[in-house]
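Data first, discussion second: the structure below is written as structure tokens.
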Amino acid sequence: MANEIRIPLNKPYIAGNELAYIREAVDRGQLAGDGWFSQRCHELLEAQTGAVRVLLTPSCTAALEMASMLCGLGPGDEVILPSYTFVSTANAFVREGASPVFVDIRPDTMNLDEAAIEAAITEHTRAIFPVHYAGVACEMDAINEIANAHGLVVVEDAAQAVGSRYRDKPLGSLGQLAAFSFHETKNFICGEGGALVVNDAQYLERAEILRDKGTDRQRFFRGETDKYTWQDVGSSYVASELCAAFLYAQLEKLDEIVARRSEIADRYSDALRGLAEKERLRLPVVPPHCETNAHIYSIVLSDEATRDALMQHLREHGILAVFHYVPLHTSPMGMQLCDGAPPKLPVTEDLAGRVLRLPFYPQLTADEQGEVIERIHDFFARAGR
Ligand SMILES: Cc1ncc(COP(=O)(O)O)c(C=O)c1O
């Protein structure tokens, strides 16, 4: 029987004002969406990113779906993305009929390898969906340069990257469109939630329509039309005001939350550096021109068997460490989309078998973190590894 988990991978963090703001939203009498708290979140995220507009959505998945529709992706179109990502990055445009073209990742940040993109471009390529893994930026200058040279749209999957920066520019501000996640596993949360970031004004009007069931209700609310009607094929992509109220309590503490997470990440790195120097494991890589929001703390082991053994060792001591992702090109759906002949992505396949995420959340106590660190050290000491 598996030991009881005492130190989980993640715990939703409560910043303080969540319940008071939900009560305030109830008292204000508008619960559906785009009310007072939604507007506060929009303004805060627009100030943070410098975007033309940020619109809360029920999830990052929903925001990525909207982005795919806004780009007009459809059958015959190809989209470049990493295989090492969550399924939503691909699902968003595959459901529109477009095809994924999986490109390998960089060995250091585990982000889309910008040097491998050109070779994947064909006459059918329409977009690039870079994913900022663990809140560390992709090489956006190079990616945007390639996109501009080939007339491609860039949609940042910034699900994990709210508050991170690349060459002092906020992530989410570097593609024409971007998507954020506020799922309970992220840094800033509201249960389930997300946002579409519109950086290119040409997408704004249609974004508002797609988000509001395909109607021009936003124009009606602004008094720009005397009735609202069906304009386009949209869906229900407005986030609940109750989620926005919860989220605002988190976003107003954005800096504090990142600072606390960074403190925990630094302690892991300091405590594990000796093992890294002995090449027992690799610490997360954050290039000097990238400022991270400290979203995930993952180490890379020397091989898959060692990774699995360490994971098991931690579990036996009530500590949950996990791996992710199963590369999309090796998944049943990915194989089907690649006609049973998936590309060879050696870096993705190698690293996906060696990565291990450690427990990482603001409430992790010094004692708990000390225990995780101690167990990692005794794993290597006892096994004579
Ligand atoms: C890279 C990436 N993209 C998309 C998503 C989907 O986010 P959501 O759960 O808000 O739909 C996630 C969530 O884990 C993610 O990590």
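Each chain of the structure tokens is named A, B, ... in the order shown, its residues numbered from 1; ligands are numbered from 1 in display order.
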
Just want the 12 Å neighbourhood of Thr61 of chain A, counted on only C-alpha atoms, with same-chain residues fewer than 4 positions away dropped. Output as an mmCIF file with N, CA and C atoms, in the first residue's frame.
```cif
data_model
loop_
_atom_site.group_PDB
_atom_site.id
_atom_site.type_symbol
_atom_site.label_atom_id
_atom_site.label_comp_id
_atom_site.auth_asym_id
_atom_site.auth_seq_id
_atom_site.Cartn_x
_atom_site.Cartn_y
_atom_site.Cartn_z
ATOM 1 N N LEU A 56 -10.490 38.079 -19.198
ATOM 2 C CA LEU A 56 -10.551 36.838 -18.416
ATOM 3 C C LEU A 56 -11.401 35.805 -19.136
ATOM 4 N N THR A 57 -10.977 34.555 -19.050
ATOM 5 C CA THR A 57 -11.675 33.428 -19.670
ATOM 6 C C THR A 57 -11.839 32.329 -18.613
ATOM 7 N N GLU A 65 -8.005 28.359 -27.330
ATOM 8 C CA GLU A 65 -9.007 28.069 -28.372
ATOM 9 C C GLU A 65 -9.426 29.359 -29.073
ATOM 10 N N MET A 66 -9.658 30.400 -28.285
ATOM 11 C CA MET A 66 -10.023 31.694 -28.883
ATOM 12 C C MET A 66 -8.910 32.188 -29.801
ATOM 13 N N ALA A 67 -7.655 32.044 -29.337
ATOM 14 C CA ALA A 67 -6.513 32.509 -30.139
ATOM 15 C C ALA A 67 -6.471 31.761 -31.473
ATOM 16 N N SER A 68 -6.733 30.461 -31.431
ATOM 17 C CA SER A 68 -6.710 29.669 -32.668
ATOM 18 C C SER A 68 -7.787 30.143 -33.623
ATOM 19 N N PHE A 86 1.656 20.754 -22.256
ATOM 20 C CA PHE A 86 0.345 20.261 -21.864
ATOM 21 C C PHE A 86 -0.536 20.156 -23.117
ATOM 22 N N VAL A 87 -1.485 19.236 -23.093
ATOM 23 C CA VAL A 87 -2.289 18.959 -24.291
ATOM 24 C C VAL A 87 -3.036 20.170 -24.842
ATOM 25 N N SER A 88 -3.373 21.124 -23.980
ATOM 26 C CA SER A 88 -4.201 22.248 -24.441
ATOM 27 C C SER A 88 -3.517 23.072 -25.518
ATOM 28 N N THR A 89 -2.187 23.137 -25.501
ATOM 29 C CA THR A 89 -1.468 23.926 -26.509
ATOM 30 C C THR A 89 -1.837 23.410 -27.898
ATOM 31 N N ALA A 90 -1.906 22.084 -28.049
ATOM 32 C CA ALA A 90 -2.211 21.481 -29.350
ATOM 33 C C ALA A 90 -3.711 21.390 -29.616
ATOM 34 N N ASN A 91 -4.456 20.952 -28.581
ATOM 35 C CA ASN A 91 -5.912 20.794 -28.747
ATOM 36 C C ASN A 91 -6.566 22.043 -29.328
ATOM 37 N N ALA A 92 -6.068 23.202 -28.891
ATOM 38 C CA ALA A 92 -6.694 24.475 -29.245
ATOM 39 C C ALA A 92 -6.858 24.639 -30.749
ATOM 40 N N PHE A 93 -5.844 24.247 -31.514
ATOM 41 C CA PHE A 93 -5.975 24.433 -32.977
ATOM 42 C C PHE A 93 -6.293 23.123 -33.693
ATOM 43 N N ARG A 95 -8.577 21.128 -32.804
ATOM 44 C CA ARG A 95 -10.046 21.071 -32.892
ATOM 45 C C ARG A 95 -10.592 21.984 -33.988
ATOM 46 N N ASP A 157 1.889 30.496 -25.375
ATOM 47 C CA ASP A 157 1.229 29.754 -24.312
ATOM 48 C C ASP A 157 1.972 30.132 -23.036
ATOM 49 N N ALA A 158 1.435 31.162 -22.380
ATOM 50 C CA ALA A 158 2.064 31.697 -21.166
ATOM 51 C C ALA A 158 1.286 31.232 -19.937
ATOM 52 N N ALA A 159 0.695 30.028 -20.048
ATOM 53 C CA ALA A 159 -0.098 29.456 -18.942
ATOM 54 C C ALA A 159 0.654 29.548 -17.631
ATOM 55 N N ALA A 178 -1.647 35.931 -26.531
ATOM 56 C CA ALA A 178 -1.064 35.054 -25.509
ATOM 57 C C ALA A 178 -2.180 34.548 -24.613
ATOM 58 N N ALA A 179 -1.872 33.471 -23.879
ATOM 59 C CA ALA A 179 -2.874 32.897 -22.977
ATOM 60 C C ALA A 179 -2.242 32.636 -21.615
ATOM 61 N N PHE A 180 -2.962 33.035 -20.562
ATOM 62 C CA PHE A 180 -2.535 32.809 -19.171
ATOM 63 C C PHE A 180 -3.453 31.771 -18.522
ATOM 64 N N SER A 181 -2.931 31.076 -17.508
ATOM 65 C CA SER A 181 -3.766 30.155 -16.724
ATOM 66 C C SER A 181 -3.806 30.579 -15.264
ATOM 67 N N PHE A 182 -5.001 30.460 -14.678
ATOM 68 C CA PHE A 182 -5.168 30.680 -13.238
ATOM 69 C C PHE A 182 -5.734 29.423 -12.575
ATOM 70 N N HIS A 183 -5.422 28.281 -13.173
ATOM 71 C CA HIS A 183 -5.783 26.977 -12.606
ATOM 72 C C HIS A 183 -5.150 26.841 -11.226
ATOM 73 N N GLU A 192 -10.375 27.384 -11.505
ATOM 74 C CA GLU A 192 -10.164 27.245 -12.945
ATOM 75 C C GLU A 192 -10.278 28.657 -13.513
ATOM 76 N N GLY A 193 -9.357 29.044 -14.371
ATOM 77 C CA GLY A 193 -9.454 30.380 -14.946
ATOM 78 C C GLY A 193 -8.307 30.640 -15.891
ATOM 79 N N GLY A 194 -8.473 31.658 -16.702
ATOM 80 C CA GLY A 194 -7.416 32.002 -17.643
ATOM 81 C C GLY A 194 -7.650 33.398 -18.185
ATOM 82 N N ALA A 195 -6.813 33.799 -19.124
ATOM 83 C CA ALA A 195 -6.997 35.103 -19.769
ATOM 84 C C ALA A 195 -6.415 35.056 -21.171
ATOM 85 N N LEU A 196 -7.109 35.739 -22.066
ATOM 86 C CA LEU A 196 -6.577 35.965 -23.413
ATOM 87 C C LEU A 196 -5.916 37.336 -23.399
ATOM 88 N N TYR A 237 -17.003 32.128 -23.346
ATOM 89 C CA TYR A 237 -15.620 32.261 -22.904
ATOM 90 C C TYR A 237 -15.425 33.411 -21.912
#
```

Could you pull out all residues of segment 75-228 of chain A with a DSSP call of alpha helix (DSSP H) and give them as a VMD selection string? chain A and resid 87 to 94 140 to 150 204 to 211 217 to 221

Produce a file of the selected residues containing C-alpha atoms, as a short mmCIF file (atom, residue, chain, number, x, y, z; two decimals), in the first residue's frame.
```cif
data_model
loop_
_atom_site.label_atom_id
_atom_site.label_comp_id
_atom_site.auth_asym_id
_atom_site.auth_seq_id
_atom_site.Cartn_x
_atom_site.Cartn_y
_atom_site.Cartn_z
CA VAL A 87 -2.29 18.96 -24.29
CA SER A 88 -4.20 22.25 -24.44
CA THR A 89 -1.47 23.93 -26.51
CA ALA A 90 -2.21 21.48 -29.35
CA ASN A 91 -5.91 20.79 -28.75
CA ALA A 92 -6.69 24.47 -29.24
CA PHE A 93 -5.98 24.43 -32.98
CA VAL A 94 -6.33 20.70 -33.70
CA MET A 140 11.35 35.23 -28.15
CA ASP A 141 13.61 37.55 -30.16
CA ALA A 142 14.69 34.68 -32.41
CA ILE A 143 11.18 33.21 -32.59
CA ASN A 144 9.61 36.55 -33.54
CA GLU A 145 12.32 37.17 -36.12
CA ILE A 146 11.57 33.83 -37.81
CA ALA A 147 7.82 34.46 -37.57
CA ASN A 148 8.18 37.91 -39.16
CA ALA A 149 10.37 36.58 -41.95
CA HIS A 150 7.75 33.93 -42.83
CA LEU A 204 -9.69 42.88 -30.43
CA GLU A 205 -13.15 43.37 -31.91
CA ARG A 206 -13.53 39.73 -32.94
CA ALA A 207 -12.05 38.54 -29.62
CA GLU A 208 -14.86 40.32 -27.76
CA ILE A 209 -17.45 38.74 -30.04
CA LEU A 210 -16.09 35.17 -29.91
CA ARG A 211 -15.84 35.40 -26.13
CA ARG A 217 -22.94 42.24 -26.52
CA GLN A 218 -19.81 44.15 -25.42
CA ARG A 219 -20.59 46.88 -27.95
CA PHE A 220 -24.18 46.93 -26.67
CA PHE A 221 -22.92 47.34 -23.06
#
```

Could you check the closest approach to Asp168 of chain A for each of A:Asp378, A:Glu78, A:Glu184, A:Glu291 and tell me which residue wins, using only C-alpha atoms? A:Glu291

Between A:Asp104, A:Glu316, A:Asp34, A:Glu123, single out the one closest to Leu328 of chain A, counting only C-alpha atoms.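 Going through A:Asp104, A:Glu316, A:Asp34, A:Glu123 one by one, the smallest distance to Leu328 of chain A is for A:Asp104.
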
Pairwise distance for atom CA of Met333 of chain A and atom CA of Met69 of chain A, rounded to one decimal in Å: 21.0 Å
